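> This one is final_27.txt, compact mmCIF, C-alpha atoms and all ligand atoms.
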# COMPACT_ATOMS: atom_id res chain seq x y z
CA MET F 557 -9.89 -19.14 5.78
CA GLN F 558 -12.15 -16.22 4.93
CA PRO F 559 -10.74 -13.59 2.55
CA LEU F 560 -10.05 -10.18 4.02
CA LEU F 561 -10.73 -8.42 0.75
CA THR F 562 -12.58 -9.56 -2.34
CA VAL F 563 -12.41 -7.50 -5.52
CA ASN F 564 -14.76 -8.63 -8.23
CA ASN F 565 -14.84 -7.30 -11.79
CA LEU F 566 -13.72 -3.81 -10.84
CA SER F 567 -13.71 -1.42 -13.82
CA LYS F 568 -12.72 2.22 -13.81
CA TYR F 569 -12.89 4.46 -16.87
CA TYR F 570 -11.50 7.89 -17.60
CA GLY F 571 -13.72 8.88 -20.53
CA ASP F 572 -13.09 6.17 -23.13
CA LEU F 573 -9.93 4.97 -21.43
CA LYS F 574 -10.32 1.77 -19.43
CA ALA F 575 -7.81 2.46 -16.66
CA CYS F 576 -8.91 -0.76 -14.89
CA ASP F 577 -10.78 -3.41 -16.81
CA ARG F 578 -12.67 -6.13 -14.90
CA ILE F 579 -10.09 -6.75 -12.19
CA SER F 580 -10.78 -9.60 -9.75
CA PHE F 581 -8.74 -11.02 -6.89
CA THR F 582 -8.94 -12.07 -3.25
CA LEU F 583 -6.58 -11.14 -0.44
CA TYR F 584 -6.24 -13.35 2.63
CA PRO F 585 -5.06 -12.35 6.12
CA GLY F 586 -1.26 -12.10 6.28
CA GLN F 587 -0.89 -12.18 2.51
CA VAL F 588 1.15 -9.75 0.42
CA LEU F 589 -0.15 -9.25 -3.10
CA GLY F 590 2.23 -7.52 -5.49
CA ILE F 591 0.89 -5.62 -8.50
CA ILE F 592 3.40 -4.96 -11.21
CA GLY F 593 3.19 -3.34 -14.63
CA GLU F 594 4.64 -0.51 -16.62
CA SER F 595 3.74 3.13 -16.17
CA GLY F 596 0.11 3.77 -17.10
CA SER F 597 -1.02 0.15 -16.74
CA GLY F 598 -3.59 1.13 -14.10
CA LYS F 599 -1.88 0.07 -10.85
CA SER F 600 -2.42 3.32 -8.92
CA THR F 601 -5.95 3.67 -10.25
CA LEU F 602 -6.74 0.21 -8.93
CA LEU F 603 -5.38 1.05 -5.46
CA ASP F 604 -7.21 4.38 -5.41
CA SER F 605 -10.46 2.71 -6.46
CA ILE F 606 -10.15 0.04 -3.77
CA ALA F 607 -9.43 2.65 -1.09
CA GLY F 608 -12.34 4.79 -2.26
CA HIS F 609 -10.16 7.74 -3.30
CA VAL F 610 -11.76 7.65 -6.74
CA PRO F 611 -15.21 6.36 -7.69
CA PHE F 612 -15.37 3.39 -10.06
CA GLU F 613 -18.04 2.39 -12.56
CA ASN F 614 -18.51 -1.32 -12.05
CA GLY F 615 -17.56 -4.08 -9.71
CA ILE F 616 -17.54 -5.02 -6.06
CA VAL F 617 -14.98 -4.39 -3.33
CA GLU F 618 -15.91 -6.30 -0.21
CA TYR F 619 -13.93 -6.09 3.02
CA CYS F 620 -14.37 -8.34 6.03
CA ASP F 621 -13.94 -6.12 9.09
CA ARG F 622 -12.49 -6.83 12.55
CA ASP F 623 -15.88 -8.03 13.78
CA ASN F 624 -16.20 -10.34 10.79
CA ASN F 625 -18.86 -8.22 9.10
CA PRO F 626 -18.74 -8.03 5.30
CA ILE F 627 -18.57 -4.39 4.18
CA ASP F 628 -19.38 -3.23 0.66
CA LEU F 629 -16.84 -0.44 0.28
CA ARG F 630 -18.47 1.04 -2.78
CA THR F 631 -21.67 1.89 -0.98
CA LEU F 632 -20.18 2.58 2.45
CA PRO F 633 -21.17 6.07 3.66
CA GLU F 634 -18.21 8.48 3.51
CA PRO F 635 -17.83 9.03 7.30
CA ARG F 636 -17.66 5.28 7.89
CA ARG F 637 -15.20 4.83 5.04
CA ARG F 638 -12.96 7.55 6.49
CA LYS F 639 -13.06 5.95 9.91
CA LEU F 640 -12.16 2.56 8.47
CA MET F 641 -9.23 4.09 6.58
CA LYS F 642 -7.90 5.54 9.85
CA THR F 643 -8.32 2.38 11.89
CA GLU F 644 -8.31 -0.90 9.99
CA TRP F 645 -6.69 0.35 6.77
CA GLY F 646 -3.49 2.19 5.92
CA PHE F 647 -2.23 3.77 2.70
CA VAL F 648 1.51 4.25 2.15
CA ARG F 649 2.27 6.87 -0.48
CA GLN F 650 5.28 6.93 -2.73
CA ASN F 651 6.14 10.45 -1.64
CA PRO F 652 6.22 10.54 2.16
CA ARG F 653 5.31 14.23 2.00
CA ASP F 654 1.86 13.15 0.81
CA GLY F 655 1.44 10.75 3.72
CA LEU F 656 2.95 12.86 6.52
CA ARG F 657 2.04 16.20 7.99
CA MET F 658 5.18 18.21 7.40
CA THR F 659 4.17 21.06 9.72
CA VAL F 660 4.08 18.97 12.90
CA THR F 661 6.80 16.97 14.68
CA ALA F 662 7.61 13.30 14.12
CA GLY F 663 6.00 12.42 17.45
CA ALA F 664 2.85 14.35 16.54
CA ASN F 665 2.69 12.59 13.18
CA ILE F 666 2.42 9.29 15.01
CA GLY F 667 0.32 10.58 17.93
CA GLU F 668 -2.25 12.22 15.68
CA ARG F 669 -3.44 8.87 14.38
CA LEU F 670 -3.90 7.67 17.95
CA LEU F 671 -5.95 10.77 18.77
CA ASP F 672 -8.08 9.96 15.72
CA VAL F 673 -8.93 6.58 17.19
CA GLY F 674 -9.82 8.00 20.60
CA GLU F 675 -6.60 7.84 22.67
CA ARG F 676 -6.57 10.91 24.94
CA HIS F 677 -3.80 10.22 27.44
CA TYR F 678 -0.77 12.34 26.53
CA GLY F 679 1.67 10.05 28.36
CA ASN F 680 0.41 6.95 26.53
CA ILE F 681 0.56 8.72 23.18
CA ARG F 682 4.16 9.82 23.77
CA THR F 683 5.16 6.33 24.92
CA GLU F 684 3.57 4.71 21.87
CA ALA F 685 5.20 7.27 19.59
CA LEU F 686 8.61 6.42 21.07
CA GLU F 687 7.95 2.69 20.68
CA TRP F 688 7.06 3.20 17.05
CA LEU F 689 10.10 5.34 16.39
CA SER F 690 12.17 2.39 17.65
CA GLU F 691 10.23 -0.03 15.46
CA VAL F 692 11.11 1.97 12.38
CA GLU F 693 14.69 2.61 13.50
CA ILE F 694 14.44 6.36 14.10
CA PRO F 695 16.40 7.58 17.15
CA HIS F 696 14.20 8.71 20.07
CA GLY F 697 16.05 12.02 20.11
CA ARG F 698 14.33 12.97 16.83
CA ILE F 699 10.78 12.80 18.27
CA ASP F 700 10.38 16.57 18.45
CA ASP F 701 11.96 17.25 15.05
CA PHE F 702 9.96 18.08 11.96
CA PRO F 703 9.88 15.48 9.17
CA SER F 704 11.33 18.07 6.78
CA THR F 705 14.64 17.66 8.64
CA PHE F 706 14.63 13.88 7.94
CA SER F 707 16.21 12.07 5.00
CA GLY F 708 13.91 10.50 2.39
CA GLY F 709 14.38 7.04 3.89
CA MET F 710 13.61 8.29 7.40
CA GLN F 711 10.52 10.11 6.17
CA GLN F 712 9.29 6.91 4.57
CA ARG F 713 9.93 4.96 7.78
CA LEU F 714 8.07 7.64 9.75
CA GLN F 715 5.16 7.31 7.36
CA LEU F 716 5.09 3.58 8.12
CA ALA F 717 5.09 4.29 11.87
CA ARG F 718 2.24 6.80 11.48
CA ILE F 719 0.16 4.22 9.67
CA LEU F 720 1.02 1.14 11.70
CA VAL F 721 0.48 2.70 15.13
CA THR F 722 -3.27 2.09 14.86
CA ARG F 723 -2.63 -1.57 13.97
CA PRO F 724 -4.32 -1.64 10.57
CA ARG F 725 -5.20 -5.05 9.17
CA ILE F 726 -4.67 -4.11 5.56
CA VAL F 727 -2.12 -1.72 4.09
CA LEU F 728 -2.09 -0.47 0.51
CA MET F 729 1.31 0.68 -0.70
CA ASP F 730 1.92 2.66 -3.87
CA GLU F 731 5.60 2.44 -4.89
CA PRO F 732 6.81 2.70 -1.27
CA THR F 733 10.48 2.43 -2.24
CA GLY F 734 10.30 4.62 -5.34
CA GLY F 735 12.54 7.66 -5.38
CA LEU F 736 14.98 6.27 -2.78
CA ASP F 737 18.65 5.30 -3.22
CA VAL F 738 19.27 1.60 -3.72
CA SER F 739 20.93 1.14 -0.29
CA VAL F 740 18.12 3.07 1.44
CA GLN F 741 15.57 0.97 -0.47
CA ALA F 742 17.20 -2.24 0.74
CA ARG F 743 16.98 -1.15 4.38
CA LEU F 744 13.36 -0.09 4.00
CA LEU F 745 12.49 -3.37 2.32
CA ASP F 746 14.05 -5.36 5.16
CA LEU F 747 12.07 -3.34 7.65
CA MET F 748 8.83 -3.75 5.71
CA ARG F 749 9.38 -7.48 5.44
CA SER F 750 9.86 -7.89 9.16
CA LEU F 751 6.88 -5.64 10.04
CA VAL F 752 4.60 -7.51 7.63
CA ARG F 753 5.55 -10.78 9.33
CA THR F 754 5.40 -9.69 12.95
CA LEU F 755 2.15 -7.72 12.56
CA HIS F 756 0.59 -10.34 10.26
CA LEU F 757 -0.34 -7.58 7.83
CA SER F 758 -2.21 -8.03 4.60
CA VAL F 759 -0.69 -5.84 1.93
CA ILE F 760 -1.40 -4.78 -1.61
CA LEU F 761 1.90 -3.54 -2.97
CA VAL F 762 2.08 -1.61 -6.22
CA THR F 763 5.50 -1.31 -7.80
CA HIS F 764 7.30 -1.47 -11.10
CA ASP F 765 10.29 -3.09 -9.40
CA ILE F 766 10.51 -6.87 -9.78
CA GLY F 767 13.14 -7.05 -7.01
CA VAL F 768 10.66 -5.54 -4.56
CA VAL F 769 7.92 -8.05 -5.33
CA ARG F 770 10.35 -10.97 -5.23
CA LEU F 771 11.32 -10.00 -1.72
CA LEU F 772 7.90 -9.15 -0.32
CA ALA F 773 5.00 -10.54 -2.30
CA HIS F 774 3.51 -14.00 -1.90
CA ARG F 775 1.32 -13.56 -4.93
CA LEU F 776 1.68 -11.41 -7.99
CA MET F 777 -0.63 -9.78 -10.51
CA VAL F 778 0.78 -8.41 -13.74
CA MET F 779 -1.14 -5.53 -15.32
CA GLN F 780 -1.02 -4.18 -18.83
CA ASN F 781 -3.36 -1.56 -20.28
CA GLY F 782 -5.78 -1.83 -17.37
CA GLN F 783 -6.04 -5.62 -17.49
CA VAL F 784 -4.53 -8.42 -15.43
CA VAL F 785 -2.57 -10.45 -17.96
CA GLU F 786 -1.04 -12.96 -15.55
CA SER F 787 -1.29 -13.84 -11.86
CA GLY F 788 -0.15 -16.51 -9.44
CA LEU F 789 2.50 -17.27 -6.85
CA THR F 790 5.29 -14.71 -7.21
CA ASP F 791 8.13 -17.16 -7.82
CA GLN F 792 6.08 -19.16 -10.31
CA VAL F 793 5.08 -16.10 -12.30
CA LEU F 794 8.61 -14.67 -12.36
CA ASP F 795 10.48 -17.94 -12.93
CA ASP F 796 8.11 -19.27 -15.55
CA PRO F 797 6.23 -16.32 -17.07
CA HIS F 798 3.61 -17.33 -19.62
CA HIS F 799 2.34 -14.05 -20.99
CA PRO F 800 4.66 -12.30 -23.47
CA TYR F 801 4.35 -9.05 -21.52
CA THR F 802 5.50 -10.72 -18.27
CA GLN F 803 8.34 -12.39 -20.18
CA GLN F 804 9.36 -8.98 -21.46
CA LEU F 805 9.26 -7.46 -17.94
CA VAL F 806 11.32 -10.30 -16.49
CA ASN F 807 13.86 -10.24 -19.32
CA ALA F 808 14.23 -6.47 -19.03
CA THR F 809 15.38 -6.83 -15.43
CA LEU F 810 17.85 -9.59 -16.30
CA ILE F 811 19.84 -7.27 -18.56
CA PRO F 812 22.57 -5.64 -16.46
N1 LIG O 901 -7.33 11.60 -13.21
C1 LIG O 901 -7.15 11.03 -14.40
N2 LIG O 901 -7.77 11.49 -15.47
C2 LIG O 901 -7.62 10.91 -16.70
N3 LIG O 901 -6.83 9.82 -16.92
C3 LIG O 901 -6.18 9.31 -15.88
C4 LIG O 901 -6.29 9.89 -14.56
N4 LIG O 901 -5.53 9.15 -13.72
C5 LIG O 901 -4.94 8.18 -14.45
N5 LIG O 901 -5.34 8.27 -15.76
C6 LIG O 901 -4.94 7.37 -16.84
O1 LIG O 901 -5.26 6.03 -16.45
C7 LIG O 901 -4.25 5.13 -16.89
C8 LIG O 901 -3.71 4.37 -15.69
O2 LIG O 901 -2.98 5.26 -14.87
P1 LIG O 901 -2.33 4.82 -13.47
O3 LIG O 901 -1.74 6.03 -12.85
O4 LIG O 901 -3.30 4.04 -12.71
O5 LIG O 901 -1.17 3.84 -13.97
P2 LIG O 901 0.04 3.28 -13.15
O6 LIG O 901 0.21 1.88 -13.61
O7 LIG O 901 -0.17 3.47 -11.70
O8 LIG O 901 1.24 4.18 -13.65
P3 LIG O 901 2.52 4.75 -12.84
O9 LIG O 901 3.37 3.54 -12.56
O10 LIG O 901 3.14 5.70 -13.78
O11 LIG O 901 2.00 5.39 -11.58
C9 LIG O 901 -3.20 5.98 -17.60
O12 LIG O 901 -3.43 5.92 -18.99
C10 LIG O 901 -3.44 7.37 -17.08
O13 LIG O 901 -3.06 8.35 -18.02
Translate this structure into structure tokens?
Ligand SMILES: Nc1ncnc2c1ncn2[C@@H]1O[C@H](COP(=O)(O)OP(=O)(O)OP(=O)(O)O)[C@@H](O)[C@H]1O


Amino acid sequence: MQPLLTVNNLSKYYGDLKACDRISFTLYPGQVLGIIGESGSGKSTLLDSIAGHVPFENGIVEYCDRDNNPIDLRTLPEPRRRKLMKTEWGFVRQNPRDGLRMTVTAGANIGERLLDVGERHYGNIRTEALEWLSEVEIPHGRIDDFPSTFSGGMQQRLQLARILVTRPRIVLMDEPTGGLDVSVQARLLDLMRSLVRTLHLSVILVTHDIGVVRLLAHRLMVMQNGQVVESGLTDQVLDDPHHPYTQQLVNATLIP
């Protein structure tokens, strides 16, 4: 099988600080890659570099698009990158307010992405918006409400609907369950797990929560000070951690 995304020796510096230091990995269709590490280890910087939100100094990020063409994301002209991000890619932010438009209704938040990809038929857009509200367990009666009237968990589910409506092939998630109550987190995780399976999504999932990666990620990368210190199948890495830093992370979560 051909990889969907290949990251090779990606390095990103802030002055003298190596926020990401020679990171390499491949992501295959339908695979969920978890990235875990303490605050400041470079997880968000890596996601932002891959998505082209920040420029990076060295390395290659190659994406294989829907038509099987290899695309060098670092040199992709900005308009094409933007289009790709609205169609084949999605980015789930920790704070749904950063990923939603708070000044338009829930239905418009979903419909807007369809307009972006060329859908013009109002009836179709409304129907799709309703379908996606169902997918993410938001009652149809809320379609004309503003996201500001939603709970945090609902806002996060709406953000998922907004992103998934265009059927992206790859979704980057930065702490998608952060800032939510434990019970709300559990429901969101269940939903994400079932969507990932049914839509055959490829996901890069950044979190500091080992429980989240255990539930969702097939593979795991552990980052410390901008470097990958350990990687492999999630269960193997967590059940038999080799690097002292991973051992420390795992032990920390075992303490009640
Ligand atoms: N815009 C910036 N300018 C300067 N330094 C930055 C900038 N963004 C991040 N850094 C630094 O890069 C390093 C990696 O930060 P990053 O946010 O990627 O870590 P993280 O693992 O995602 O942390 P968190 O879990 O807290 O979000 C940190 O030392 C951070 O201070």

> Residues of chain F that have any atom at most 10 Å from an atom of ligand LIG 901 (chain O): could you tabulate them with the shortest-distance atom pair and the distance in Å to one decimal, using only C-alpha atoms and all ligand atoms, ordered by chain and increasing number, as a tab-separated table?


residue	atom	partner	partner_atom	distance
F:Lys568	CA	O:LIG901	O1	8.8
F:Tyr569	CA	O:LIG901	O1	7.8
F:Tyr570	CA	O:LIG901	C2	5.0
F:Gly571	CA	O:LIG901	C2	7.5
F:Asp572	CA	O:LIG901	N3	9.5
F:Leu573	CA	O:LIG901	O1	6.9
F:Lys574	CA	O:LIG901	O1	7.3
F:Ala575	CA	O:LIG901	O1	4.4
F:Cys576	CA	O:LIG901	C8	7.3
F:Ile591	CA	O:LIG901	O6	9.1
F:Ile592	CA	O:LIG901	O6	7.9
F:Gly593	CA	O:LIG901	O6	6.1
F:Glu594	CA	O:LIG901	O6	5.9
F:Ser595	CA	O:LIG901	O10	3.6
F:Gly596	CA	O:LIG901	O5	3.4
F:Ser597	CA	O:LIG901	O6	3.8
F:Gly598	CA	O:LIG901	O4	3.2
F:Lys599	CA	O:LIG901	O7	3.9
F:Ser600	CA	O:LIG901	O7	3.6
F:Thr601	CA	O:LIG901	O4	3.6
F:Leu602	CA	O:LIG901	O4	6.4
F:Leu603	CA	O:LIG901	O4	8.1
F:Asp604	CA	O:LIG901	O4	8.3
F:Ser605	CA	O:LIG901	O4	9.6
F:Val610	CA	O:LIG901	N1	8.8
F:Gln650	CA	O:LIG901	O11	9.6
F:Asp730	CA	O:LIG901	O7	8.1
F:Glu731	CA	O:LIG901	O9	8.1
F:Val762	CA	O:LIG901	O7	7.8
F:Thr763	CA	O:LIG901	O9	7.1
F:His764	CA	O:LIG901	O9	6.5
F:Met779	CA	O:LIG901	O6	7.7
F:Gln780	CA	O:LIG901	O6	8.1
F:Asn781	CA	O:LIG901	C8	7.5
F:Gly782	CA	O:LIG901	C8	6.7

> I'd like the contact shell of F:Thr802 - 10 Å cut-off, only C-alpha atoms, skipping same-chain residues fewer than 2 positions apart - returned as JSON, numbers by chain.

{"F": [592, 593, 777, 778, 779, 780, 785, 786, 787, 793, 794, 796, 797, 798, 799, 800, 804, 805, 806, 807, 808]}

> From the options F:Thr683, F:Gln587, F:Gln741, F:Thr705, which residue's atoms come nearest to F:Leu789, counting all atoms listed in the file?

F:Gln587

> Compare F:Pro724, F:Gly734, F:Gly679, F:Gly709 by their minimum atom-to-atom distance to F:Gly667, counting all atoms listed in the file, and give me the closest one.

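Comparing F:Pro724, F:Gly734, F:Gly679, F:Gly709 against F:Gly667, the winner is F:Gly679.
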
> What separation in Å, quoted to one decimal, exists between atom CA of F:Gly646 and atom CA of F:Leu728?

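Separation between atom CA of F:Gly646 and atom CA of F:Leu728: 6.2 Å.
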
> Using all atoms listed in the file, which residues sit within 7 Å of F:Arg718 once same-chain residues fewer than 2 positions away are excluded, as a PyMOL selection string?

chain F and resi 665-666+669+714-716+720-721

> Atom CA of F:Trp645 to atom CA of F:Val563: how many Å, to one decimal?

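If I compute the distance from atom CA of F:Trp645 to atom CA of F:Val563, I get 15.7 Å.
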
> Choose the residue, out of F:Pro611, F:Pro652, F:Gly735, F:Pro559, that has the smallest atom-to-atom separation from F:Ser704; count all atoms listed in the file.

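Using all atoms listed in the file, the shortest distance to F:Ser704 belongs to F:Pro652.
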
> If we draw a sphere of 10 Å around (5.8, -5.3, -0.8), which residues have at least one atom in it when counting only C-alpha atoms? Please report them as number ranges by chain.

F: 588-591, 727-733, 745, 748-749, 752, 759-763, 765, 767-774

> Specify the axis-aligned box that encloses all atoms of stretch 790-796 of chain F listed in the file after padding of 4 Å on each side, stating its centre and edge lengths in Å to one decimal as AutoDock Vina command-line options.


--center_x 7.8 --center_y -17.0 --center_z -11.4 --size_x 13.4 --size_y 12.6 --size_z 16.3

> If I take atom CA of F:Cys620 and atom CA of F:Arg713, how far is one from the other in Å, to one decimal?

27.8 Å

> Nearest to F:Glu668: which of F:Leu583, F:Asp700, F:Leu656, F:Gln711 is it, counting only C-alpha atoms?

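Comparing F:Leu583, F:Asp700, F:Leu656, F:Gln711 against F:Glu668, the winner is F:Leu656.
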
> Around the point (2.9, -5.7, 12.3), in the coordinates given by the file, pick out the residues reaching within 9 Å, counting all atoms listed in the file, and return them as a ChimeraX atom specification.

/F:720,723-725,750-757

> Using only C-alpha atoms, which protein or nucleic acid residues come within 12 Å of F:Asn625? Drop anything in the same chain fewer than 3 positions from it, and give the result as a count of residues only.

11

> Please rebuild stretch 641-658 of chain F with N, CA and C atoms and return the result as a short mmCIF file (atom, residue, chain, number, x, y, z; two decimals), in the frame of the given file.


data_model
loop_
_atom_site.label_atom_id
_atom_site.label_comp_id
_atom_site.auth_asym_id
_atom_site.auth_seq_id
_atom_site.Cartn_x
_atom_site.Cartn_y
_atom_site.Cartn_z
N MET F 641 -10.56 3.81 7.14
CA MET F 641 -9.23 4.09 6.58
C MET F 641 -8.25 4.52 7.68
N LYS F 642 -8.78 5.09 8.76
CA LYS F 642 -7.90 5.54 9.85
C LYS F 642 -7.65 4.45 10.88
N THR F 643 -8.45 3.41 10.85
CA THR F 643 -8.32 2.38 11.89
C THR F 643 -7.83 1.06 11.31
N GLU F 644 -8.64 0.45 10.45
CA GLU F 644 -8.31 -0.90 9.99
C GLU F 644 -7.47 -0.90 8.71
N TRP F 645 -7.42 0.26 8.03
CA TRP F 645 -6.69 0.35 6.77
C TRP F 645 -5.54 1.36 6.88
N GLY F 646 -4.56 1.19 6.02
CA GLY F 646 -3.49 2.19 5.92
C GLY F 646 -3.11 2.34 4.46
N PHE F 647 -2.61 3.53 4.10
CA PHE F 647 -2.23 3.77 2.70
C PHE F 647 -0.85 4.43 2.71
N VAL F 648 0.15 3.71 2.19
CA VAL F 648 1.51 4.25 2.15
C VAL F 648 1.75 4.88 0.78
N ARG F 649 2.08 6.16 0.79
CA ARG F 649 2.27 6.87 -0.48
C ARG F 649 3.72 6.84 -0.91
N GLN F 650 3.91 6.94 -2.21
CA GLN F 650 5.28 6.93 -2.73
C GLN F 650 6.08 8.09 -2.15
N ASN F 651 5.47 9.27 -2.17
CA ASN F 651 6.14 10.45 -1.64
C ASN F 651 5.70 10.64 -0.19
N PRO F 652 6.64 10.45 0.76
CA PRO F 652 6.22 10.54 2.16
C PRO F 652 5.58 11.88 2.51
N ARG F 653 5.92 12.91 1.75
CA ARG F 653 5.31 14.23 2.00
C ARG F 653 3.80 14.20 1.84
N ASP F 654 3.32 13.27 1.00
CA ASP F 654 1.86 13.15 0.81
C ASP F 654 1.20 12.36 1.94
N GLY F 655 2.02 11.59 2.67
CA GLY F 655 1.44 10.75 3.72
C GLY F 655 1.72 11.28 5.11
N LEU F 656 2.61 12.28 5.21
CA LEU F 656 2.95 12.86 6.52
C LEU F 656 2.39 14.27 6.60
N ARG F 657 2.33 14.77 7.84
CA ARG F 657 2.04 16.20 7.99
C ARG F 657 3.37 16.87 8.27
N MET F 658 3.82 17.67 7.32
CA MET F 658 5.18 18.21 7.40
C MET F 658 5.29 19.35 8.41
#
